[in-house]
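Worksheet for the structure shown next.
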Amino acid sequence: MNAPPGVVILYQVGRGPNAPSISPFPLKLETFLRMAKIPYMNDHTAKFSTKGKTPWMEYNGVDVADSQFCIEYLKKELGADLNKHLTAEEYGASRALQKMAEENLYWTMCDEMFLTDDTTVIRNIIPYRGVKLWATLWFLRRIIRKETWGHGIGRHSKDEIWSIAVGDLRAISGYLGNKARKFSYAIVNAMQNTEMAMLKRKAYNNNYELNDNSDKKFLTGDEPCEADCGLFGMLAMIVWHMPTSRHEKLVKEELTNLVTYCERMRDKYWPDWNKCILSSSEYVNDHGKIYRPDGVVNGTS
Ligand SMILES: N[C@@H](CCC(=O)N[C@@H](CS)C(=O)NCC(=O)O)C(=O)O
C-alpha cells in the first residue's frame, strides 16, 4: 500500500465485532492518530511488524514497530504531544497506570479470554466456526501460554491472576474517581436491607449509565492526555470485546466509571464508531481510505 507524504499507514488486524479492533494496541494507536489530528490510512491485511507483533506503521517511508514507539516517533517528527498540559506528577501517574494496564492487566485479559476451559468469550470475538475456530484457538493458546509463562503471570493460579486483574481495574477506577457512587452507596448501606435499598442496588447493577459520576472526565482531568489512548484501547476490550467474562462483569456492575469513561472516549474520538465495527449495519470497509483530521475520508490513494 502507498500513502501520500505525511500520511501514516497503520497496519492492523482488521476491525472487531463491537469495537474498531479486537486488539487493544491498534485501537490505542488509531485513537492517538485521531487525538493528535494526524492523517492516516488503515491496512487491514494483518501484516505483522518485523518484531512479530501488531500494530505497526509506515510514515514517509520509515517503518516503526510497536504502538508506543509509533507514538514517540510521531511526537518527535510532528510535535504531536498530548501531554503538554500535564504536571510532572500527573505525567508520572498517567504513564504508570497506562503501563500497568498494558504490561499487567493485559495478560490477565489474555488468560481470561484464551486460557480458560470456557471458550464463550473468545467465540464471541473470533468470527470463525468449526475447525477454523478450533485451529485458530489452538494456535493462539500455544503462543499465549508461552508468553504468559515468560511474563511470569502464567505461573500463578487462576484465582491469583484474577486478583491481579481486580487490583489493576480498581486502581484505574479509583484514580478516575467515583465520588458520587461512594456517597450513594453509603446511603444505600445506611438504609440496610429495606426494599428501597434493594431496588437502588439493583438499579446500580443494571444501569451503569445512570452512574456517570467519575470525578474526572479523562484520566488526568477535563482534557485527555496520551495515556488515555492506551487505557481506552485496553478498557474498550473489556467493555465491548469480553462478553460474559469476569472482567466485563466487574466493570459493568461495580467499576461503572470505567464504562462511562470508554463511552466518553468513543463519543469524542470515534463519531464514526458504527462504521468501524463489524456488527453494525453501518459498517464500511476502510482499508486504504485516508482519514483526514477534518473528518473527511478519501478514497484509495
Ligand atoms: N508493546 C506492543 C504490544 C503489541 C501486542 O502485544 N500485540 C499483540 C496483539 S494484542 C500481538 O501482536 N501478539 C502476537 C504475538 O505476541 O505473537 C505494542 O504496544 O504495540
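Residues are referred to by chain and number: the chain letter is A, B, ... according to the order shown in the C-alpha cells, the number counts from 1 in that chain, and ligands are numbered separately from 1 in the order shown.
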
Do you know which residues are within 9 Å of ligand 1 using only C-alpha atoms and all ligand atoms? Can you write them as a compact mmCIF listing (two decimals) with N, CA and C atoms, in the first residue's frame?
# COMPACT_ATOMS: atom_id res chain seq x y z
N VAL A 13 -5.01 -5.57 12.36
CA VAL A 13 -5.54 -6.91 12.06
C VAL A 13 -7.01 -6.93 11.62
N ILE A 22 -9.97 -5.90 17.59
CA ILE A 22 -10.08 -6.94 18.63
C ILE A 22 -8.81 -6.92 19.49
N SER A 23 -7.90 -6.01 19.15
CA SER A 23 -6.66 -5.91 19.91
C SER A 23 -6.55 -4.50 20.51
N PRO A 24 -6.12 -4.40 21.77
CA PRO A 24 -6.06 -3.08 22.41
C PRO A 24 -5.04 -2.13 21.80
N PHE A 25 -3.95 -2.70 21.24
CA PHE A 25 -2.85 -1.83 20.82
C PHE A 25 -3.14 -1.08 19.50
N PRO A 26 -3.73 -1.72 18.49
CA PRO A 26 -4.13 -0.93 17.31
C PRO A 26 -5.18 0.13 17.65
N LYS A 28 -5.46 1.67 20.45
CA LYS A 28 -4.70 2.75 21.12
C LYS A 28 -4.05 3.67 20.08
N LEU A 29 -3.36 3.06 19.09
CA LEU A 29 -2.62 3.86 18.12
C LEU A 29 -3.57 4.64 17.21
N PHE A 48 2.14 -8.50 10.12
CA PHE A 48 2.75 -8.19 11.40
C PHE A 48 4.08 -7.44 11.21
N SER A 49 4.54 -6.80 12.27
CA SER A 49 5.77 -5.99 12.19
C SER A 49 7.00 -6.90 12.15
N LYS A 51 8.95 -7.14 14.37
CA LYS A 51 9.05 -7.70 15.73
C LYS A 51 8.04 -8.82 15.95
N GLY A 52 7.26 -9.12 14.92
CA GLY A 52 6.28 -10.21 15.02
C GLY A 52 5.02 -9.83 15.78
N LYS A 53 4.73 -8.52 15.86
CA LYS A 53 3.56 -8.07 16.62
C LYS A 53 2.73 -7.11 15.78
N THR A 54 1.55 -6.83 16.25
CA THR A 54 0.69 -5.82 15.66
C THR A 54 0.31 -4.83 16.74
N PRO A 55 0.22 -3.52 16.51
CA PRO A 55 0.26 -2.86 15.22
C PRO A 55 1.68 -2.34 14.92
N TRP A 56 1.80 -1.79 13.72
CA TRP A 56 3.00 -1.05 13.36
C TRP A 56 2.59 -0.02 12.31
N ALA A 65 7.82 -0.13 14.52
CA ALA A 65 7.05 -1.21 15.15
C ALA A 65 6.80 -0.90 16.62
N ASP A 66 5.62 -1.29 17.10
CA ASP A 66 5.19 -1.12 18.50
C ASP A 66 4.39 0.19 18.63
N SER A 67 3.19 0.06 19.18
CA SER A 67 2.29 1.23 19.27
C SER A 67 2.96 2.41 19.97
N GLN A 68 3.71 2.13 21.05
CA GLN A 68 4.30 3.24 21.81
C GLN A 68 5.44 3.90 21.03
N PHE A 69 6.24 3.07 20.34
CA PHE A 69 7.33 3.66 19.55
C PHE A 69 6.76 4.45 18.37
N CYS A 70 5.63 4.03 17.83
CA CYS A 70 4.97 4.80 16.76
C CYS A 70 4.60 6.18 17.31
N GLU A 102 -1.13 -2.03 30.23
CA GLU A 102 -0.59 -2.69 29.04
C GLU A 102 0.31 -3.89 29.36
N GLU A 103 1.01 -3.79 30.48
CA GLU A 103 2.01 -4.83 30.77
C GLU A 103 1.55 -5.81 31.85
N TYR A 106 -3.34 -6.46 30.89
CA TYR A 106 -3.50 -7.09 29.57
C TYR A 106 -3.33 -8.61 29.64
N CYS A 110 -5.73 -11.73 28.59
CA CYS A 110 -5.37 -12.83 27.69
C CYS A 110 -5.68 -14.17 28.36
N LEU A 140 -3.43 -19.76 18.90
CA LEU A 140 -3.30 -18.60 19.79
C LEU A 140 -2.99 -19.03 21.22
N ILE A 143 0.69 -19.78 21.70
CA ILE A 143 1.52 -18.57 21.82
C ILE A 143 1.30 -17.91 23.18
N ILE A 144 0.03 -17.76 23.57
CA ILE A 144 -0.27 -17.00 24.80
C ILE A 144 0.20 -17.75 26.05
N GLU A 147 3.81 -17.02 26.22
CA GLU A 147 4.08 -15.63 26.59
C GLU A 147 3.76 -15.35 28.05
N GLY A 230 -3.94 4.63 25.49
CA GLY A 230 -3.63 3.26 25.91
C GLY A 230 -4.70 2.68 26.81

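Using only C-alpha atoms, the contacts of A:Asn18 at a cut-off of 12 Å, with sequence neighbours closer than 4 positions omitted, comprise Ile22, Ser23, Asn124, Ile125, Ile126, Pro127, Ala236, Met237, Ile238, Val239, Trp240, His241, Met242, Pro243, Arg266, Trp273, Asn274, Lys275, Cys276, Ile277, Leu278, Ser279, Ser280, Ser281 and Tyr283 of chain A.
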
Go through stretch 73-138 of chain A residue by residue and, counting only C-alpha atoms, keep those with an atom at most 12 Å from stretch 155-159 of chain A; for each kept residue give the shortest atom pair and its distance in Å to one decimal, ordered by chain and increasing number, as a tab-separated table.
residue	atom	partner	partner_atom	distance
A:Trp107	CA	A:His156	CA	11.7
A:Thr108	CA	A:Lys158	CA	9.3
A:Met109	CA	A:Lys158	CA	11.7
A:Asp111	CA	A:Lys158	CA	8.5
A:Glu112	CA	A:Lys158	CA	8.8
A:Leu115	CA	A:Lys158	CA	9.6
A:Thr116	CA	A:Lys158	CA	8.7
A:Asp117	CA	A:Lys158	CA	11.4

Checklist entry - In Å to one decimal, how far is atom CA of A:Cys229 from atom CA of A:Asn83? => result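 Those two atoms sit 11.6 Å apart.
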
Checklist entry - From the list A:Val297, A:Asn42, A:Gly150, A:Met265, which residue is nearest A:Asn2 when using only C-alpha atoms? => result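 Distance minimum relative to A:Asn2 lands on A:Asn42.
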
Next on the checklist: At a cut-off of 12 Å, using only C-alpha atoms, what residues contact A:Leu258? Leave out same-chain residues fewer than 3 positions from it and give the result as a VMD selection string.
Outcome noted: chain A and resid 168 to 178 208 to 209 211 to 219 228 231 to 232 234 to 239 247 to 255 261 to 265

Next on the checklist: Please compute the atom CA of A:Glu72-atom CA of A:Asp294 distance, one decimal, in Å.
Outcome noted: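 Atom-to-atom, atom CA of A:Glu72 to atom CA of A:Asp294, that is 23.1 Å.
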
Next on the checklist: For the strand (DSSP E) assignment from backbone DSSP, which residues of stretch 44-265 of chain A qualify? Please present them as an MDAnalysis selection string.
Outcome noted: chainID A and resid 56:59 62:65

For the selection you just gave me, I'd like the residues written to a file as a PDB file, in the first residue's frame, keeping C-alpha atoms.
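Just written: selection.pdb:
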ATOM      1  CA  TRP A  56       2.997  -1.047  13.358  1.00  0.00           C
ATOM      2  CA  MET A  57       3.150   1.895  10.973  1.00  0.00           C
ATOM      3  CA  GLU A  58       4.884   3.333   7.967  1.00  0.00           C
ATOM      4  CA  TYR A  59       5.423   7.078   7.868  1.00  0.00           C
ATOM      5  CA  VAL A  62      10.014   4.685   7.541  1.00  0.00           C
ATOM      6  CA  ASP A  63       8.685   1.554   9.309  1.00  0.00           C
ATOM      7  CA  VAL A  64       8.119   1.793  13.052  1.00  0.00           C
ATOM      8  CA  ALA A  65       7.048  -1.206  15.154  1.00  0.00           C
TER       9      ALA A  65
END

Item to check | Spatial neighbours of A:Pro5, 9 Å, only C-alpha atoms, chain gap at least 3 places, as an MDAnalysis selection string | outcome: chainID A and resid 8 59:61

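Using only C-alpha atoms for every distance, the candidate list A:Gly6, A:Gly154, A:Gly233, A:Gly167 yields A:Gly154 as the residue closest to A:Arg141.
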
Checklist entry - Using only C-alpha atoms, which residue out of A:Glu226, A:Asp81, A:Asn257, A:Lys268 lies closest to A:Lys99? => result A:Glu226

Next on the checklist: With distances taken over only C-alpha atoms, which residue among A:Ile71, A:Met113, A:Val131, A:Ala227 lies nearest A:Glu30?
Outcome noted: A:Ile71

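Taking only C-alpha atoms into account, A:Lys84 lies nearest to A:Glu223 out of the set A:Asp267, A:Asp286, A:Glu223, A:Asp272.
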